[in-house]
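What follows is the content of model38.cif, which has mmCIF, N, CA and C atoms and all ligand atoms:
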```
data_run
#
loop_
_atom_site.label_atom_id
_atom_site.label_comp_id
_atom_site.auth_asym_id
_atom_site.auth_seq_id
_atom_site.Cartn_x
_atom_site.Cartn_y
_atom_site.Cartn_z
N MET A 1 108.53 129.82 144.36
CA MET A 1 109.42 129.60 143.20
C MET A 1 108.60 129.50 141.91
N GLU A 2 109.04 130.19 140.91
CA GLU A 2 108.39 130.11 139.62
C GLU A 2 109.36 129.54 138.60
N ASN A 3 108.88 128.58 137.82
CA ASN A 3 109.77 127.88 136.90
C ASN A 3 110.43 128.79 135.89
N SER A 4 109.68 129.78 135.41
CA SER A 4 110.20 130.62 134.32
C SER A 4 110.96 131.83 134.83
N CYS A 5 111.18 131.91 136.14
CA CYS A 5 111.79 133.13 136.70
C CYS A 5 113.30 132.96 136.81
N ILE A 6 114.03 133.87 136.17
CA ILE A 6 115.49 133.76 136.15
C ILE A 6 116.08 133.94 137.55
N PHE A 7 115.49 134.79 138.37
CA PHE A 7 116.04 134.99 139.72
C PHE A 7 115.74 133.79 140.62
N CYS A 8 114.57 133.15 140.44
CA CYS A 8 114.32 131.90 141.18
C CYS A 8 115.35 130.85 140.77
N SER A 9 115.70 130.81 139.48
CA SER A 9 116.70 129.84 139.01
C SER A 9 118.07 130.14 139.62
N ILE A 10 118.40 131.41 139.75
CA ILE A 10 119.67 131.78 140.40
C ILE A 10 119.67 131.34 141.86
N ILE A 11 118.58 131.60 142.57
CA ILE A 11 118.50 131.21 143.99
C ILE A 11 118.65 129.70 144.14
N LYS A 12 118.05 128.95 143.20
CA LYS A 12 118.13 127.47 143.25
C LYS A 12 119.48 126.94 142.79
N GLY A 13 120.31 127.83 142.24
CA GLY A 13 121.63 127.39 141.77
C GLY A 13 121.62 126.78 140.39
N GLU A 14 120.51 126.95 139.68
CA GLU A 14 120.40 126.38 138.33
C GLU A 14 121.08 127.26 137.28
N ILE A 15 121.20 128.53 137.60
CA ILE A 15 121.87 129.49 136.72
C ILE A 15 122.99 130.12 137.54
N PRO A 16 124.19 130.24 136.97
CA PRO A 16 125.29 130.81 137.76
C PRO A 16 125.10 132.29 138.05
N ALA A 17 125.56 132.69 139.21
CA ALA A 17 125.55 134.11 139.56
C ALA A 17 126.67 134.34 140.57
N GLN A 18 127.11 135.57 140.64
CA GLN A 18 128.15 135.93 141.61
C GLN A 18 127.46 136.33 142.92
N LYS A 19 127.20 135.31 143.73
CA LYS A 19 126.54 135.56 145.02
C LYS A 19 127.48 136.32 145.94
N ILE A 20 126.96 137.35 146.58
CA ILE A 20 127.80 138.01 147.58
C ILE A 20 127.28 137.81 149.00
N PHE A 21 126.02 137.40 149.13
CA PHE A 21 125.47 137.22 150.48
C PHE A 21 124.16 136.45 150.37
N GLU A 22 123.88 135.64 151.39
CA GLU A 22 122.52 135.14 151.55
C GLU A 22 122.23 134.91 153.01
N ASP A 23 120.98 135.03 153.37
CA ASP A 23 120.54 134.63 154.70
C ASP A 23 119.27 133.80 154.51
N GLU A 24 118.52 133.59 155.58
CA GLU A 24 117.37 132.70 155.48
C GLU A 24 116.35 133.18 154.45
N ASP A 25 116.20 134.49 154.34
CA ASP A 25 115.10 135.04 153.54
C ASP A 25 115.53 135.75 152.27
N THR A 26 116.78 136.13 152.16
CA THR A 26 117.21 136.96 151.03
C THR A 26 118.48 136.43 150.40
N PHE A 27 118.72 136.90 149.18
CA PHE A 27 119.86 136.45 148.38
C PHE A 27 120.36 137.67 147.62
N ALA A 28 121.68 137.88 147.59
CA ALA A 28 122.25 139.06 146.92
C ALA A 28 123.35 138.61 145.97
N PHE A 29 123.35 139.19 144.78
CA PHE A 29 124.33 138.80 143.75
C PHE A 29 124.61 140.00 142.85
N LEU A 30 125.73 139.92 142.15
CA LEU A 30 126.12 141.04 141.29
C LEU A 30 125.25 141.08 140.04
N ASP A 31 124.83 142.29 139.69
CA ASP A 31 124.12 142.52 138.43
C ASP A 31 125.11 142.32 137.28
N VAL A 32 124.70 141.53 136.27
CA VAL A 32 125.63 141.25 135.16
C VAL A 32 125.83 142.43 134.22
N HIS A 33 124.93 143.40 134.27
CA HIS A 33 125.10 144.62 133.47
C HIS A 33 125.11 145.81 134.41
N PRO A 34 126.21 145.98 135.13
CA PRO A 34 126.22 146.99 136.20
C PRO A 34 126.26 148.42 135.68
N ILE A 35 125.59 149.30 136.39
CA ILE A 35 125.74 150.74 136.14
C ILE A 35 127.16 151.13 136.52
N ASN A 36 127.60 150.64 137.65
CA ASN A 36 129.01 150.77 138.06
C ASN A 36 129.43 149.45 138.70
N ARG A 37 130.71 149.22 138.81
CA ARG A 37 131.24 148.01 139.42
C ARG A 37 130.69 147.84 140.83
N GLY A 38 130.23 146.62 141.14
CA GLY A 38 129.68 146.36 142.47
C GLY A 38 128.16 146.47 142.53
N HIS A 39 127.54 146.90 141.44
CA HIS A 39 126.06 146.98 141.35
C HIS A 39 125.48 145.61 141.75
N THR A 40 124.66 145.63 142.77
CA THR A 40 124.18 144.38 143.41
C THR A 40 122.67 144.35 143.42
N LEU A 41 122.12 143.16 143.30
CA LEU A 41 120.67 142.96 143.41
C LEU A 41 120.37 142.15 144.65
N VAL A 42 119.38 142.58 145.41
CA VAL A 42 118.93 141.85 146.60
C VAL A 42 117.51 141.36 146.35
N VAL A 43 117.31 140.06 146.47
CA VAL A 43 116.00 139.47 146.17
C VAL A 43 115.52 138.64 147.35
N PRO A 44 114.21 138.52 147.52
CA PRO A 44 113.70 137.58 148.51
C PRO A 44 113.78 136.16 147.94
N LYS A 45 113.95 135.18 148.79
CA LYS A 45 114.03 133.80 148.31
C LYS A 45 112.67 133.28 147.84
N ILE A 46 111.61 133.86 148.36
CA ILE A 46 110.27 133.51 147.88
C ILE A 46 109.90 134.49 146.76
N HIS A 47 109.29 133.97 145.71
CA HIS A 47 108.97 134.78 144.53
C HIS A 47 107.77 135.69 144.77
N TYR A 48 108.00 136.98 144.61
CA TYR A 48 106.92 137.98 144.50
C TYR A 48 107.30 138.88 143.35
N ALA A 49 106.32 139.29 142.56
CA ALA A 49 106.65 140.01 141.32
C ALA A 49 107.22 141.39 141.59
N ASN A 50 106.63 142.10 142.53
CA ASN A 50 107.02 143.51 142.69
C ASN A 50 106.44 144.08 143.99
N ILE A 51 106.50 145.38 144.11
CA ILE A 51 106.13 146.07 145.35
C ILE A 51 104.65 145.86 145.70
N TYR A 52 103.84 145.59 144.68
CA TYR A 52 102.40 145.43 144.94
C TYR A 52 102.11 144.07 145.58
N GLU A 53 102.94 143.10 145.31
CA GLU A 53 102.69 141.73 145.78
C GLU A 53 103.42 141.38 147.06
N VAL A 54 104.59 141.99 147.27
CA VAL A 54 105.44 141.54 148.37
C VAL A 54 104.83 141.91 149.72
N PRO A 55 104.77 140.96 150.66
CA PRO A 55 104.26 141.29 152.00
C PRO A 55 105.22 142.21 152.74
N ASP A 56 104.68 142.97 153.69
CA ASP A 56 105.49 143.94 154.43
C ASP A 56 106.72 143.30 155.08
N ASP A 57 106.52 142.11 155.67
CA ASP A 57 107.65 141.51 156.39
C ASP A 57 108.76 141.09 155.44
N VAL A 58 108.40 140.66 154.24
CA VAL A 58 109.42 140.26 153.26
C VAL A 58 110.14 141.50 152.74
N LEU A 59 109.38 142.56 152.49
CA LEU A 59 110.02 143.82 152.06
C LEU A 59 111.00 144.32 153.12
N ALA A 60 110.59 144.18 154.38
CA ALA A 60 111.49 144.61 155.47
C ALA A 60 112.77 143.77 155.47
N LYS A 61 112.64 142.50 155.16
CA LYS A 61 113.83 141.64 155.11
C LYS A 61 114.74 142.02 153.95
N ILE A 62 114.14 142.35 152.82
CA ILE A 62 114.95 142.82 151.68
C ILE A 62 115.73 144.06 152.09
N MET A 63 115.02 145.01 152.69
CA MET A 63 115.68 146.28 153.04
C MET A 63 116.69 146.12 154.17
N HIS A 64 116.45 145.15 155.03
CA HIS A 64 117.43 144.84 156.08
C HIS A 64 118.74 144.40 155.44
N THR A 65 118.65 143.52 154.45
CA THR A 65 119.85 143.07 153.75
C THR A 65 120.48 144.21 152.95
N VAL A 66 119.66 145.04 152.33
CA VAL A 66 120.18 146.19 151.58
C VAL A 66 121.00 147.09 152.51
N ARG A 67 120.47 147.37 153.66
CA ARG A 67 121.19 148.28 154.56
C ARG A 67 122.45 147.62 155.12
N PHE A 68 122.40 146.32 155.31
CA PHE A 68 123.59 145.60 155.77
C PHE A 68 124.70 145.66 154.71
N LEU A 69 124.31 145.46 153.44
CA LEU A 69 125.31 145.35 152.38
C LEU A 69 125.80 146.69 151.84
N ALA A 70 124.93 147.70 151.81
CA ALA A 70 125.25 148.95 151.11
C ALA A 70 126.58 149.56 151.57
N PRO A 71 126.82 149.73 152.86
CA PRO A 71 128.10 150.33 153.26
C PRO A 71 129.30 149.44 152.97
N LYS A 72 129.07 148.12 152.99
CA LYS A 72 130.17 147.19 152.70
C LYS A 72 130.56 147.26 151.22
N ILE A 73 129.54 147.32 150.37
CA ILE A 73 129.81 147.42 148.93
C ILE A 73 130.47 148.77 148.63
N LYS A 74 129.95 149.82 149.26
CA LYS A 74 130.52 151.16 149.06
C LYS A 74 132.01 151.16 149.41
N GLN A 75 132.31 150.58 150.54
CA GLN A 75 133.70 150.52 151.01
C GLN A 75 134.55 149.67 150.06
N ALA A 76 134.01 148.53 149.66
CA ALA A 76 134.78 147.57 148.86
C ALA A 76 135.18 148.14 147.51
N VAL A 77 134.29 148.90 146.87
CA VAL A 77 134.59 149.41 145.53
C VAL A 77 135.05 150.86 145.56
N GLY A 78 135.14 151.43 146.76
CA GLY A 78 135.61 152.80 146.88
C GLY A 78 134.63 153.83 146.35
N ALA A 79 133.33 153.49 146.43
CA ALA A 79 132.30 154.41 145.91
C ALA A 79 132.15 155.62 146.83
N GLU A 80 131.56 156.67 146.24
CA GLU A 80 131.33 157.90 147.00
C GLU A 80 129.86 158.07 147.37
N GLY A 81 129.02 157.24 146.82
CA GLY A 81 127.60 157.28 147.13
C GLY A 81 126.96 155.99 146.69
N ILE A 82 125.69 155.81 147.10
CA ILE A 82 124.95 154.59 146.77
C ILE A 82 123.52 154.99 146.41
N ASN A 83 123.03 154.52 145.28
CA ASN A 83 121.60 154.61 144.99
C ASN A 83 120.95 153.27 145.34
N ILE A 84 119.76 153.34 145.94
CA ILE A 84 118.95 152.16 146.21
C ILE A 84 117.67 152.32 145.40
N GLY A 85 117.29 151.30 144.66
CA GLY A 85 116.07 151.45 143.85
C GLY A 85 115.36 150.14 143.61
N ILE A 86 114.03 150.24 143.47
CA ILE A 86 113.21 149.10 143.08
C ILE A 86 112.34 149.55 141.91
N ASN A 87 112.51 148.92 140.76
CA ASN A 87 111.68 149.25 139.60
C ASN A 87 110.43 148.39 139.63
N ASN A 88 109.29 149.01 139.36
CA ASN A 88 108.01 148.31 139.36
C ASN A 88 107.25 148.61 138.09
N ASP A 89 106.94 147.57 137.35
CA ASP A 89 106.24 147.63 136.06
C ASP A 89 107.20 147.97 134.92
N LYS A 90 106.76 147.55 133.75
CA LYS A 90 107.58 147.74 132.54
C LYS A 90 107.86 149.23 132.30
N ALA A 91 106.86 150.06 132.51
CA ALA A 91 107.03 151.49 132.23
C ALA A 91 108.09 152.13 133.12
N ALA A 92 108.33 151.50 134.27
CA ALA A 92 109.34 152.02 135.20
C ALA A 92 110.68 151.29 135.04
N GLY A 93 110.77 150.46 134.00
CA GLY A 93 112.04 149.81 133.71
C GLY A 93 112.21 148.44 134.33
N GLN A 94 111.11 147.87 134.88
CA GLN A 94 111.25 146.52 135.45
C GLN A 94 111.33 145.50 134.33
N LEU A 95 112.44 144.76 134.32
CA LEU A 95 112.68 143.74 133.30
C LEU A 95 112.48 142.34 133.86
N VAL A 96 112.81 142.15 135.13
CA VAL A 96 112.68 140.85 135.78
C VAL A 96 111.59 140.97 136.85
N PHE A 97 110.56 140.12 136.72
CA PHE A 97 109.40 140.27 137.59
C PHE A 97 109.49 139.36 138.82
N HIS A 98 110.63 139.45 139.48
CA HIS A 98 110.87 138.91 140.82
C HIS A 98 111.46 140.11 141.56
N ILE A 99 110.74 140.61 142.53
CA ILE A 99 111.14 141.88 143.14
C ILE A 99 112.61 141.87 143.54
N HIS A 100 113.28 142.97 143.27
CA HIS A 100 114.71 143.08 143.60
C HIS A 100 115.05 144.53 143.88
N ALA A 101 115.88 144.73 144.86
CA ALA A 101 116.40 146.07 145.15
C ALA A 101 117.79 146.19 144.52
N HIS A 102 117.98 147.29 143.79
CA HIS A 102 119.30 147.57 143.23
C HIS A 102 120.12 148.34 144.27
N ILE A 103 121.34 147.90 144.50
CA ILE A 103 122.32 148.69 145.26
C ILE A 103 123.35 149.14 144.24
N ILE A 104 123.40 150.44 143.98
CA ILE A 104 124.21 150.96 142.87
C ILE A 104 125.30 151.89 143.41
N PRO A 105 126.54 151.45 143.39
CA PRO A 105 127.63 152.34 143.80
C PRO A 105 127.74 153.52 142.85
N ARG A 106 127.97 154.69 143.41
CA ARG A 106 128.06 155.91 142.59
C ARG A 106 129.36 156.66 142.88
N PHE A 107 129.83 157.34 141.86
CA PHE A 107 131.07 158.11 141.92
C PHE A 107 130.79 159.51 141.38
N GLU A 108 131.43 160.49 141.97
CA GLU A 108 131.30 161.86 141.45
C GLU A 108 131.65 161.86 139.97
N GLY A 109 130.79 162.46 139.17
CA GLY A 109 131.08 162.58 137.74
C GLY A 109 131.06 161.27 136.98
N ASP A 110 130.32 160.26 137.49
CA ASP A 110 130.31 158.98 136.78
C ASP A 110 129.38 158.99 135.56
N GLY A 111 128.72 160.11 135.34
CA GLY A 111 127.93 160.26 134.11
C GLY A 111 126.50 159.79 134.22
N HIS A 112 126.16 159.16 135.34
CA HIS A 112 124.77 158.71 135.51
C HIS A 112 124.01 159.79 136.25
N ALA A 113 123.62 160.80 135.49
CA ALA A 113 123.00 161.98 136.09
C ALA A 113 121.69 161.62 136.78
N HIS A 114 121.37 162.38 137.81
CA HIS A 114 120.08 162.25 138.45
C HIS A 114 119.01 162.60 137.42
N TRP A 115 117.80 162.03 137.60
CA TRP A 115 116.74 162.39 136.64
C TRP A 115 116.40 163.86 136.73
N HIS A 116 115.94 164.39 135.59
CA HIS A 116 115.62 165.82 135.54
C HIS A 116 114.18 166.03 135.96
N GLY A 117 113.96 166.89 136.93
CA GLY A 117 112.61 167.20 137.37
C GLY A 117 111.97 168.23 136.45
N ASN A 118 110.65 168.12 136.32
CA ASN A 118 109.90 169.10 135.55
C ASN A 118 109.00 169.88 136.50
N PRO A 119 108.91 171.20 136.35
CA PRO A 119 108.07 171.98 137.27
C PRO A 119 106.59 171.71 137.04
N TYR A 120 105.78 171.81 138.13
CA TYR A 120 104.34 171.79 137.99
C TYR A 120 103.87 173.10 137.39
N GLN A 121 102.72 173.04 136.70
CA GLN A 121 102.06 174.26 136.27
C GLN A 121 101.40 174.90 137.50
N ASP A 122 100.96 176.14 137.36
CA ASP A 122 100.33 176.86 138.48
C ASP A 122 99.18 176.04 139.07
N GLY A 123 99.24 175.78 140.38
CA GLY A 123 98.14 175.12 141.08
C GLY A 123 98.09 173.61 140.90
N GLU A 124 98.85 173.08 139.96
CA GLU A 124 98.76 171.65 139.66
C GLU A 124 99.23 170.77 140.82
N ILE A 125 100.18 171.29 141.58
CA ILE A 125 100.74 170.45 142.66
C ILE A 125 99.69 170.13 143.72
N THR A 126 98.79 171.06 143.99
CA THR A 126 97.74 170.77 144.99
C THR A 126 96.70 169.82 144.41
N THR A 127 96.42 169.93 143.10
CA THR A 127 95.48 168.99 142.46
C THR A 127 96.02 167.57 142.54
N ILE A 128 97.31 167.43 142.27
CA ILE A 128 97.92 166.09 142.30
C ILE A 128 97.91 165.54 143.73
N ARG A 129 98.23 166.39 144.70
CA ARG A 129 98.14 165.95 146.10
C ARG A 129 96.73 165.46 146.40
N ASP A 130 95.71 166.19 145.93
CA ASP A 130 94.33 165.82 146.22
C ASP A 130 93.93 164.50 145.56
N ILE A 131 94.32 164.29 144.30
CA ILE A 131 93.88 163.05 143.64
C ILE A 131 94.61 161.84 144.24
N ILE A 132 95.83 162.03 144.72
CA ILE A 132 96.51 160.93 145.42
C ILE A 132 95.82 160.67 146.75
N GLY A 133 95.47 161.75 147.44
CA GLY A 133 94.76 161.63 148.72
C GLY A 133 93.45 160.87 148.59
N GLN A 134 92.76 161.03 147.46
CA GLN A 134 91.49 160.32 147.23
C GLN A 134 91.67 158.81 147.26
N GLU A 135 92.86 158.35 146.91
CA GLU A 135 93.11 156.90 146.81
C GLU A 135 93.11 156.20 148.17
N PHE A 136 93.30 156.95 149.25
CA PHE A 136 93.27 156.28 150.55
C PHE A 136 92.34 156.96 151.52
N LYS A 137 91.23 157.48 150.96
CA LYS A 137 90.17 158.02 151.82
C LYS A 137 89.27 156.90 152.29
P1 LIG A 201 115.09 145.64 136.51
O1 LIG A 201 115.22 146.42 135.23
O2 LIG A 201 114.92 146.50 137.72
O3 LIG A 201 114.06 144.53 136.40
O4 LIG A 201 116.52 144.98 136.72
C1 LIG A 201 116.85 143.71 136.26
C2 LIG A 201 118.35 143.62 136.39
O5 LIG A 201 118.70 142.25 136.39
C3 LIG A 201 119.11 144.28 135.25
O6 LIG A 201 119.93 145.32 135.77
C4 LIG A 201 119.92 143.14 134.65
O7 LIG A 201 121.22 143.53 134.27
C5 LIG A 201 119.95 142.13 135.77
N1 LIG A 201 120.06 140.74 135.35
C6 LIG A 201 119.31 140.10 134.43
N2 LIG A 201 119.68 138.80 134.35
C7 LIG A 201 120.68 138.62 135.25
C8 LIG A 201 121.48 137.52 135.65
N3 LIG A 201 121.32 136.31 135.09
N4 LIG A 201 122.41 137.69 136.62
C9 LIG A 201 122.58 138.91 137.18
N5 LIG A 201 121.86 139.99 136.85
C10 LIG A 201 120.91 139.87 135.90
ZN ZN A 202 111.29 134.38 140.99
#
```
What do you get writing this file as structure tokens?
Ligand code: AMP
Ligand code: ZN
Amino acid sequence: MENSCIFCSIIKGEIPAQKIFEDEDTFAFLDVHPINRGHTLVVPKIHYANIYEVPDDVLAKIMHTVRFLAPKIKQAVGAEGINIGINNDKAAGQLVFHIHAHIIPRFEGDGHAHWHGNPYQDGEITTIRDIIGQEFK
């Protein structure tokens, strides 16, 4: 638990939230600024900042809850699809540094277009594969 963390405060009940589920290790509540109705956040009860810090077993527990809830949320709000996402670092849009998985109900034509891919230049894709490969040699 971190004193300055808004999600730790929600888990402790110090800040109100619309809880939809909790178990021993995880807590799920509605995002107050939803992309679509039913947008839910799943957090571990123990504070870890992001994907770099969270232990494998805790990440597995987060994803276990995500998979449990996703079809229920989809059904409840009549969604046609679900995006699952974890933002890591400011540059990737992380605003709250207590790891959380977004469960985002999606609807055909809801206006939240998929990100636009950019093509690699000639040969660049193999260079990128190689420099990533160097990181775990
Ligand atoms: P991220 O940008 O991945 O860090 O996502 C943080 C999310 O937390 C945003 O979508 C916010 O709308 C949401 N959020 C921030 N404060 C609260 C809160 N008090 N209760 C519910 N959701 C929150
Ligand atoms: Zn926290």
Q.
Can you tell me which residues surround A:Lys45 at a distance of at most 9 Å, considering only C-alpha atoms, apart from same-chain residues fewer than 5 positions away, and format the answer as a ChimeraX atom specification?
A. /A:1,7-8,11,24-27
Q.
Hey, which residues sit close to ligand LIG 201 (chain A)? Say within 6 Å, counting only C-alpha atoms and all ligand atoms, and write them as an NGL selection string.
A. :A and (17 or 30-33 or 87 or 93-96)
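The shortest atom-to-atom distance to ligand ZN 202 (chain A), with only C-alpha atoms and all ligand atoms taken into account, belongs to A:Ile10 out of A:Val54, A:Ile10, A:Leu69, A:Ala91.
For the residues A:Leu59, A:Ile20, A:Ala101, A:Ile73, ranking by smallest atom-to-atom distance to A:Ile86 using only C-alpha atoms places A:Ala101 first.
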Q.
Hey, which residues sit close to ligand ZN 202 (chain A)? Say within 6.5 Å, counting only N, CA and C atoms and all ligand atoms, and write them as number ranges by chain.
A. A: 1-2, 5-9, 46-48, 97-99
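Going from atom CA of A:Ala70 over to atom CA of A:Ile103, you cover 6.5 Å.
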